[in-house]
>>> print(open('structure_38.tsv').read())   # TSV, N, CA and C atoms
chain	number	residue	atom	x	y	z
A	25	MET	N	82.40	114.28	108.81
A	25	MET	CA	82.44	114.04	110.22
A	25	MET	C	81.00	113.92	110.70
A	26	LYS	N	80.77	112.91	111.50
A	26	LYS	CA	79.42	112.67	111.98
A	26	LYS	C	79.16	113.32	113.33
A	27	GLU	N	80.18	113.30	114.20
A	27	GLU	CA	79.96	113.75	115.57
A	27	GLU	C	81.30	114.07	116.23
A	28	ILE	N	81.31	115.05	117.12
A	28	ILE	CA	82.48	115.35	117.95
A	28	ILE	C	82.17	114.83	119.35
A	29	LEU	N	83.00	113.90	119.82
A	29	LEU	CA	82.84	113.35	121.16
A	29	LEU	C	83.71	114.13	122.12
A	30	HIS	N	83.20	114.40	123.31
A	30	HIS	CA	83.95	115.13	124.33
A	30	HIS	C	83.71	114.47	125.68
A	31	GLY	N	84.77	114.36	126.45
A	31	GLY	CA	84.66	113.78	127.78
A	31	GLY	C	86.02	113.61	128.39
A	32	ASN	N	86.08	112.86	129.48
A	32	ASN	CA	87.39	112.59	130.07
A	32	ASN	C	88.04	111.41	129.34
A	33	THR	N	89.28	111.15	129.68
A	33	THR	CA	90.05	110.12	128.98
A	33	THR	C	89.31	108.78	128.98
A	34	THR	N	88.83	108.36	130.12
A	34	THR	CA	88.16	107.06	130.24
A	34	THR	C	86.90	107.00	129.38
A	35	GLU	N	86.11	108.07	129.40
A	35	GLU	CA	84.87	108.10	128.61
A	35	GLU	C	85.17	108.01	127.11
A	36	ILE	N	86.15	108.76	126.66
A	36	ILE	CA	86.49	108.75	125.24
A	36	ILE	C	87.02	107.38	124.82
A	37	LEU	N	87.84	106.77	125.66
A	37	LEU	CA	88.36	105.44	125.34
A	37	LEU	C	87.21	104.45	125.19
A	38	LYS	N	86.22	104.51	126.07
A	38	LYS	CA	85.07	103.60	125.98
A	38	LYS	C	84.21	103.90	124.77
A	39	LEU	N	83.95	105.19	124.51
A	39	LEU	CA	83.10	105.57	123.38
A	39	LEU	C	83.69	105.18	122.04
A	40	THR	N	85.01	105.14	121.95
A	40	THR	CA	85.68	104.83	120.69
A	40	THR	C	86.12	103.38	120.56
A	41	GLY	N	85.98	102.61	121.66
A	41	GLY	CA	86.41	101.22	121.63
A	41	GLY	C	87.89	101.03	121.93
A	42	TYR	N	88.59	102.12	122.16
A	42	TYR	CA	90.02	102.02	122.45
A	42	TYR	C	90.30	101.42	123.81
A	43	ASP	N	89.30	101.35	124.67
A	43	ASP	CA	89.51	100.75	125.99
A	43	ASP	C	89.80	99.25	125.90
A	44	LYS	N	89.51	98.63	124.76
A	44	LYS	CA	89.74	97.20	124.57
A	44	LYS	C	91.02	96.89	123.79
A	45	ARG	N	91.75	97.93	123.40
A	45	ARG	CA	92.97	97.74	122.60
A	45	ARG	C	94.20	97.60	123.50
A	46	ASN	N	95.22	96.98	122.95
A	46	ASN	CA	96.47	96.79	123.68
A	46	ASN	C	97.30	98.06	123.80
A	47	ASP	N	97.08	99.01	122.91
A	47	ASP	CA	97.90	100.23	122.92
A	47	ASP	C	97.22	101.41	123.62
A	48	THR	N	96.20	101.13	124.43
A	48	THR	CA	95.50	102.17	125.17
A	48	THR	C	96.44	103.00	126.04
A	49	TYR	N	97.46	102.36	126.57
A	49	TYR	CA	98.40	103.06	127.47
A	49	TYR	C	99.04	104.27	126.78
A	50	GLU	N	99.23	104.21	125.47
A	50	GLU	CA	99.84	105.33	124.75
A	50	GLU	C	98.94	106.57	124.82
A	51	ILE	N	97.66	106.37	124.71
A	51	ILE	CA	96.71	107.49	124.78
A	51	ILE	C	96.66	108.04	126.20
A	52	VAL	N	96.64	107.14	127.17
A	52	VAL	CA	96.60	107.57	128.58
A	52	VAL	C	97.89	108.31	128.94
A	53	GLU	N	99.03	107.82	128.46
A	53	GLU	CA	100.30	108.51	128.72
A	53	GLU	C	100.30	109.91	128.11
A	54	TYR	N	99.73	110.05	126.93
A	54	TYR	CA	99.72	111.34	126.23
A	54	TYR	C	98.76	112.33	126.88
A	55	PHE	N	97.52	111.89	127.14
A	55	PHE	CA	96.49	112.80	127.65
A	55	PHE	C	96.39	112.82	129.17
A	56	GLY	N	96.86	111.77	129.83
A	56	GLY	CA	96.68	111.65	131.28
A	56	GLY	C	95.45	110.82	131.59
A	57	GLN	N	95.45	110.20	132.74
A	57	GLN	CA	94.37	109.29	133.13
A	57	GLN	C	93.03	110.00	133.31
A	58	ALA	N	93.05	111.21	133.84
A	58	ALA	CA	91.79	111.88	134.17
A	58	ALA	C	91.63	113.21	133.44
A	59	ASN	N	92.19	113.32	132.27
A	59	ASN	CA	92.07	114.56	131.50
A	59	ASN	C	90.59	114.78	131.15
A	60	LYS	N	90.06	115.94	131.51
A	60	LYS	CA	88.64	116.22	131.27
A	60	LYS	C	88.38	116.81	129.89
A	61	ASN	N	89.42	117.10	129.15
A	61	ASN	CA	89.26	117.76	127.85
A	61	ASN	C	89.75	116.89	126.71
A	62	CYS	N	89.21	115.70	126.60
A	62	CYS	CA	89.54	114.80	125.49
A	62	CYS	C	88.43	114.90	124.44
A	63	TYR	N	88.86	114.84	123.21
A	63	TYR	CA	87.93	114.89	122.09
A	63	TYR	C	88.24	113.75	121.12
A	64	ALA	N	87.22	113.33	120.42
A	64	ALA	CA	87.40	112.35	119.34
A	64	ALA	C	86.37	112.69	118.27
A	65	LEU	N	86.72	112.41	117.04
A	65	LEU	CA	85.82	112.65	115.92
A	65	LEU	C	85.24	111.32	115.46
A	66	ARG	N	83.93	111.24	115.39
A	66	ARG	CA	83.28	110.05	114.84
A	66	ARG	C	83.07	110.31	113.35
A	67	LEU	N	83.72	109.51	112.55
A	67	LEU	CA	83.70	109.72	111.11
A	67	LEU	C	82.72	108.77	110.43
A	68	TYR	N	82.29	109.12	109.26
A	68	TYR	CA	81.44	108.25	108.45
A	68	TYR	C	81.91	108.30	107.01
A	69	ASP	N	81.54	107.33	106.24
A	69	ASP	CA	81.88	107.26	104.82
A	69	ASP	C	83.38	107.46	104.59
A	70	VAL	N	84.18	106.75	105.38
A	70	VAL	CA	85.64	106.87	105.31
A	70	VAL	C	86.15	106.09	104.10
A	71	LYS	N	87.05	106.67	103.37
A	71	LYS	CA	87.64	106.04	102.20
A	71	LYS	C	89.08	105.65	102.50
A	72	LYS	N	89.46	104.45	102.12
A	72	LYS	CA	90.84	104.01	102.27
A	72	LYS	C	91.55	104.21	100.94
A	73	PHE	N	92.71	104.86	101.01
A	73	PHE	CA	93.47	105.13	99.79
A	73	PHE	C	94.18	103.88	99.30
A	74	LYS	N	94.27	103.73	97.98
A	74	LYS	CA	95.06	102.63	97.41
A	74	LYS	C	96.53	102.83	97.75
A	75	ASN	N	96.98	104.08	97.66
A	75	ASN	CA	98.36	104.44	98.00
A	75	ASN	C	98.31	105.47	99.13
A	76	PRO	N	98.91	105.17	100.27
A	76	PRO	CA	98.87	106.12	101.39
A	76	PRO	C	99.46	107.47	101.01
A	77	VAL	N	98.89	108.51	101.57
A	77	VAL	CA	99.42	109.87	101.40
A	77	VAL	C	100.34	110.12	102.59
A	78	THR	N	101.59	110.44	102.31
A	78	THR	CA	102.56	110.63	103.38
A	78	THR	C	102.46	112.04	103.96
A	79	LEU	N	102.99	112.19	105.15
A	79	LEU	CA	103.03	113.50	105.79
A	79	LEU	C	103.86	114.47	104.94
A	80	ASN	N	104.95	114.00	104.37
A	80	ASN	CA	105.77	114.87	103.52
A	80	ASN	C	104.98	115.36	102.30
A	81	GLN	N	104.16	114.49	101.73
A	81	GLN	CA	103.33	114.90	100.58
A	81	GLN	C	102.33	115.97	101.00
A	82	LEU	N	101.69	115.75	102.15
A	82	LEU	CA	100.73	116.74	102.64
A	82	LEU	C	101.40	118.08	102.90
A	83	ARG	N	102.57	118.02	103.55
A	83	ARG	CA	103.28	119.26	103.87
A	83	ARG	C	103.86	119.95	102.64
A	84	SER	N	104.08	119.22	101.56
A	84	SER	CA	104.56	119.87	100.34
A	84	SER	C	103.47	120.77	99.76
A	85	VAL	N	102.21	120.46	100.05
A	85	VAL	CA	101.09	121.26	99.59
A	85	VAL	C	100.69	122.29	100.66
A	86	ASN	N	100.73	121.87	101.92
A	86	ASN	CA	100.37	122.76	103.03
A	86	ASN	C	101.32	122.52	104.20
A	87	PRO	N	102.32	123.39	104.38
A	87	PRO	CA	103.32	123.19	105.43
A	87	PRO	C	102.76	123.25	106.85
A	88	LYS	N	101.53	123.70	107.03
A	88	LYS	CA	100.94	123.82	108.37
A	88	LYS	C	100.33	122.53	108.88
A	89	VAL	N	100.31	121.49	108.09
A	89	VAL	CA	99.71	120.21	108.52
A	89	VAL	C	100.51	119.65	109.69
A	90	GLN	N	99.83	119.42	110.81
A	90	GLN	CA	100.42	118.84	112.02
A	90	GLN	C	99.52	117.69	112.49
A	91	LEU	N	99.89	116.48	112.14
A	91	LEU	CA	99.06	115.33	112.52
A	91	LEU	C	99.47	114.83	113.90
A	92	PRO	N	98.59	114.26	114.69
A	92	PRO	CA	97.19	113.93	114.39
A	92	PRO	C	96.22	115.05	114.73
A	93	GLN	N	96.68	116.18	115.21
A	93	GLN	CA	95.78	117.25	115.65
A	93	GLN	C	95.18	118.04	114.49
A	94	TYR	N	95.73	117.93	113.31
A	94	TYR	CA	95.28	118.73	112.18
A	94	TYR	C	94.11	118.06	111.48
A	95	TYR	N	93.08	118.79	111.24
A	95	TYR	CA	92.02	118.31	110.37
A	95	TYR	C	91.36	119.50	109.71
A	96	CYS	N	90.82	119.28	108.56
A	96	CYS	CA	90.11	120.34	107.86
A	96	CYS	C	89.14	119.71	106.86
A	97	TYR	N	88.19	120.49	106.44
A	97	TYR	CA	87.30	120.06	105.37
A	97	TYR	C	88.02	120.36	104.06
A	98	ILE	N	88.15	119.37	103.22
A	98	ILE	CA	88.88	119.54	101.97
A	98	ILE	C	87.88	119.60	100.83
A	99	LYS	N	87.71	120.81	100.33
A	99	LYS	CA	86.79	121.02	99.21
A	99	LYS	C	87.57	121.03	97.91
A	100	THR	N	86.88	121.05	96.81
A	100	THR	CA	87.53	120.93	95.50
A	100	THR	C	88.52	122.05	95.21
A	101	ASN	N	88.37	123.21	95.82
A	101	ASN	CA	89.30	124.32	95.57
A	101	ASN	C	90.50	124.31	96.52
A	102	ASN	N	90.58	123.34	97.44
A	102	ASN	CA	91.71	123.21	98.35
A	102	ASN	C	92.85	122.49	97.63
A	103	PRO	N	94.09	123.00	97.71
A	103	PRO	CA	95.21	122.35	97.03
A	103	PRO	C	95.43	120.89	97.46
A	104	LEU	N	94.99	120.53	98.67
A	104	LEU	CA	95.13	119.14	99.11
A	104	LEU	C	94.19	118.20	98.36
A	105	TYR	N	93.12	118.75	97.80
A	105	TYR	CA	92.11	117.94	97.11
A	105	TYR	C	92.73	117.12	95.98
A	106	SER	N	93.50	117.77	95.13
A	106	SER	CA	94.08	117.04	93.99
A	106	SER	C	95.09	116.00	94.44
A	107	LEU	N	95.84	116.29	95.50
A	107	LEU	CA	96.79	115.31	96.04
A	107	LEU	C	96.05	114.07	96.53
A	108	ILE	N	94.98	114.27	97.25
A	108	ILE	CA	94.22	113.14	97.81
A	108	ILE	C	93.49	112.38	96.71
A	109	CYS	N	92.98	113.08	95.73
A	109	CYS	CA	92.24	112.41	94.65
A	109	CYS	C	93.12	111.55	93.78
A	110	LYS	N	94.42	111.83	93.74
A	110	LYS	CA	95.34	111.00	92.97
A	110	LYS	C	95.47	109.61	93.61
A	111	ASN	N	95.22	109.51	94.88
A	111	ASN	CA	95.39	108.27	95.61
A	111	ASN	C	94.06	107.61	95.78
>>> encode(input="structure_38.tsv", output="structure tokens")
Amino acid sequence: MKEILHGNTTEILKLTGYDKRNDTYEIVEYFGQANKNCYALRLYDVKKFKNPVTLNQLRSVNPKVQLPQYYCYIKTNNPLYSLICKN
């Protein structure tokens, strides 16, 4: 993770480029137009999996996974590490 962005809904949409997308209304409906507590994670060195990892696969290793709010640092000793490395 490179940076944690914080601001209101409009600021976060602009900072992430989502203000130019057609599905922006979904974010506004979820968070509200003037929510002052919006966050976004600016990521770097993102890897795309050859085979997507499903939510069921993640939960089979860690039942506490709740997307999209769930995130963690996955180190080599984390059980999710081997699942992700297979993909």
>>> closest_residue(input="structure_38.tsv", among="A:Leu37, A:Met25, A:Leu104, A:Leu82", to="A:Leu65", atoms="only N, CA and C atoms")
A:Met25
>>> select_by_dssp(input="structure_38.tsv", residues="stretch 31-103 of chain A", states="strand (DSSP E or B)", output="list in words")
Gly31, Cys62, Tyr63, Ala64, Leu65 and Arg66 of chain A
>>> atom_distance(input="structure_38.tsv", atom1="atom N of A:Pro103", atom2="atom CA of A:Leu29")
27.7 Å
>>> atom_distance(input="structure_38.tsv", atom1="atom C of A:Gly41", atom2="atom CA of A:Glu27")
16.3 Å
>>> select_by_dssp(input="structure_38.tsv", residues="chain A", states="alpha helix (DSSP H)", output="VMD selection string")
chain A and resid 33 to 40 48 to 55 79 to 85 103 to 110
>>> write_last_selection(input="structure_38.tsv", atoms="N, CA and C atoms", output="CSV table (one decimal), in the frame of the given file")
chain,number,residue,atom,x,y,z
A,33,THR,N,89.3,111.2,129.7
A,33,THR,CA,90.0,110.1,129.0
A,33,THR,C,89.3,108.8,129.0
A,34,THR,N,88.8,108.4,130.1
A,34,THR,CA,88.2,107.1,130.2
A,34,THR,C,86.9,107.0,129.4
A,35,GLU,N,86.1,108.1,129.4
A,35,GLU,CA,84.9,108.1,128.6
A,35,GLU,C,85.2,108.0,127.1
A,36,ILE,N,86.2,108.8,126.7
A,36,ILE,CA,86.5,108.8,125.2
A,36,ILE,C,87.0,107.4,124.8
A,37,LEU,N,87.8,106.8,125.7
A,37,LEU,CA,88.4,105.4,125.3
A,37,LEU,C,87.2,104.4,125.2
A,38,LYS,N,86.2,104.5,126.1
A,38,LYS,CA,85.1,103.6,126.0
A,38,LYS,C,84.2,103.9,124.8
A,39,LEU,N,84.0,105.2,124.5
A,39,LEU,CA,83.1,105.6,123.4
A,39,LEU,C,83.7,105.2,122.0
A,40,THR,N,85.0,105.1,122.0
A,40,THR,CA,85.7,104.8,120.7
A,40,THR,C,86.1,103.4,120.6
A,48,THR,N,96.2,101.1,124.4
A,48,THR,CA,95.5,102.2,125.2
A,48,THR,C,96.4,103.0,126.0
A,49,TYR,N,97.5,102.4,126.6
A,49,TYR,CA,98.4,103.1,127.5
A,49,TYR,C,99.0,104.3,126.8
A,50,GLU,N,99.2,104.2,125.5
A,50,GLU,CA,99.8,105.3,124.8
A,50,GLU,C,98.9,106.6,124.8
A,51,ILE,N,97.7,106.4,124.7
A,51,ILE,CA,96.7,107.5,124.8
A,51,ILE,C,96.7,108.0,126.2
A,52,VAL,N,96.6,107.1,127.2
A,52,VAL,CA,96.6,107.6,128.6
A,52,VAL,C,97.9,108.3,128.9
A,53,GLU,N,99.0,107.8,128.5
A,53,GLU,CA,100.3,108.5,128.7
A,53,GLU,C,100.3,109.9,128.1
A,54,TYR,N,99.7,110.0,126.9
A,54,TYR,CA,99.7,111.3,126.2
A,54,TYR,C,98.8,112.3,126.9
A,55,PHE,N,97.5,111.9,127.1
A,55,PHE,CA,96.5,112.8,127.6
A,55,PHE,C,96.4,112.8,129.2
A,79,LEU,N,103.0,112.2,105.2
A,79,LEU,CA,103.0,113.5,105.8
A,79,LEU,C,103.9,114.5,104.9
A,80,ASN,N,105.0,114.0,104.4
A,80,ASN,CA,105.8,114.9,103.5
A,80,ASN,C,105.0,115.4,102.3
A,81,GLN,N,104.2,114.5,101.7
A,81,GLN,CA,103.3,114.9,100.6
A,81,GLN,C,102.3,116.0,101.0
A,82,LEU,N,101.7,115.8,102.2
A,82,LEU,CA,100.7,116.7,102.6
A,82,LEU,C,101.4,118.1,102.9
A,83,ARG,N,102.6,118.0,103.6
A,83,ARG,CA,103.3,119.3,103.9
A,83,ARG,C,103.9,120.0,102.6
A,84,SER,N,104.1,119.2,101.6
A,84,SER,CA,104.6,119.9,100.3
A,84,SER,C,103.5,120.8,99.8
A,85,VAL,N,102.2,120.5,100.0
A,85,VAL,CA,101.1,121.3,99.6
A,85,VAL,C,100.7,122.3,100.7
A,103,PRO,N,94.1,123.0,97.7
A,103,PRO,CA,95.2,122.4,97.0
A,103,PRO,C,95.4,120.9,97.5
A,104,LEU,N,95.0,120.5,98.7
A,104,LEU,CA,95.1,119.1,99.1
A,104,LEU,C,94.2,118.2,98.4
A,105,TYR,N,93.1,118.8,97.8
A,105,TYR,CA,92.1,117.9,97.1
A,105,TYR,C,92.7,117.1,96.0
A,106,SER,N,93.5,117.8,95.1
A,106,SER,CA,94.1,117.0,94.0
A,106,SER,C,95.1,116.0,94.4
A,107,LEU,N,95.8,116.3,95.5
A,107,LEU,CA,96.8,115.3,96.0
A,107,LEU,C,96.0,114.1,96.5
A,108,ILE,N,95.0,114.3,97.2
A,108,ILE,CA,94.2,113.1,97.8
A,108,ILE,C,93.5,112.4,96.7
A,109,CYS,N,93.0,113.1,95.7
A,109,CYS,CA,92.2,112.4,94.6
A,109,CYS,C,93.1,111.6,93.8
A,110,LYS,N,94.4,111.8,93.7
A,110,LYS,CA,95.3,111.0,93.0
A,110,LYS,C,95.5,109.6,93.6
>>> atom_distance(input="structure_38.tsv", atom1="atom CA of A:Val70", atom2="atom CA of A:Asn101")
20.3 Å
>>> residues_around(input="structure_38.tsv", residues="A:Ser106", least_positions_apart="4", cutoff="12 Å", atoms="only C-alpha atoms", output="ChimeraX atom specification")
/A:77,81-82,85,98-102,110-111
>>> closest_residue(input="structure_38.tsv", among="A:Lys38, A:Tyr68, A:Lys44, A:Thr33", to="A:Gly56", atoms="only C-alpha atoms")
A:Thr33
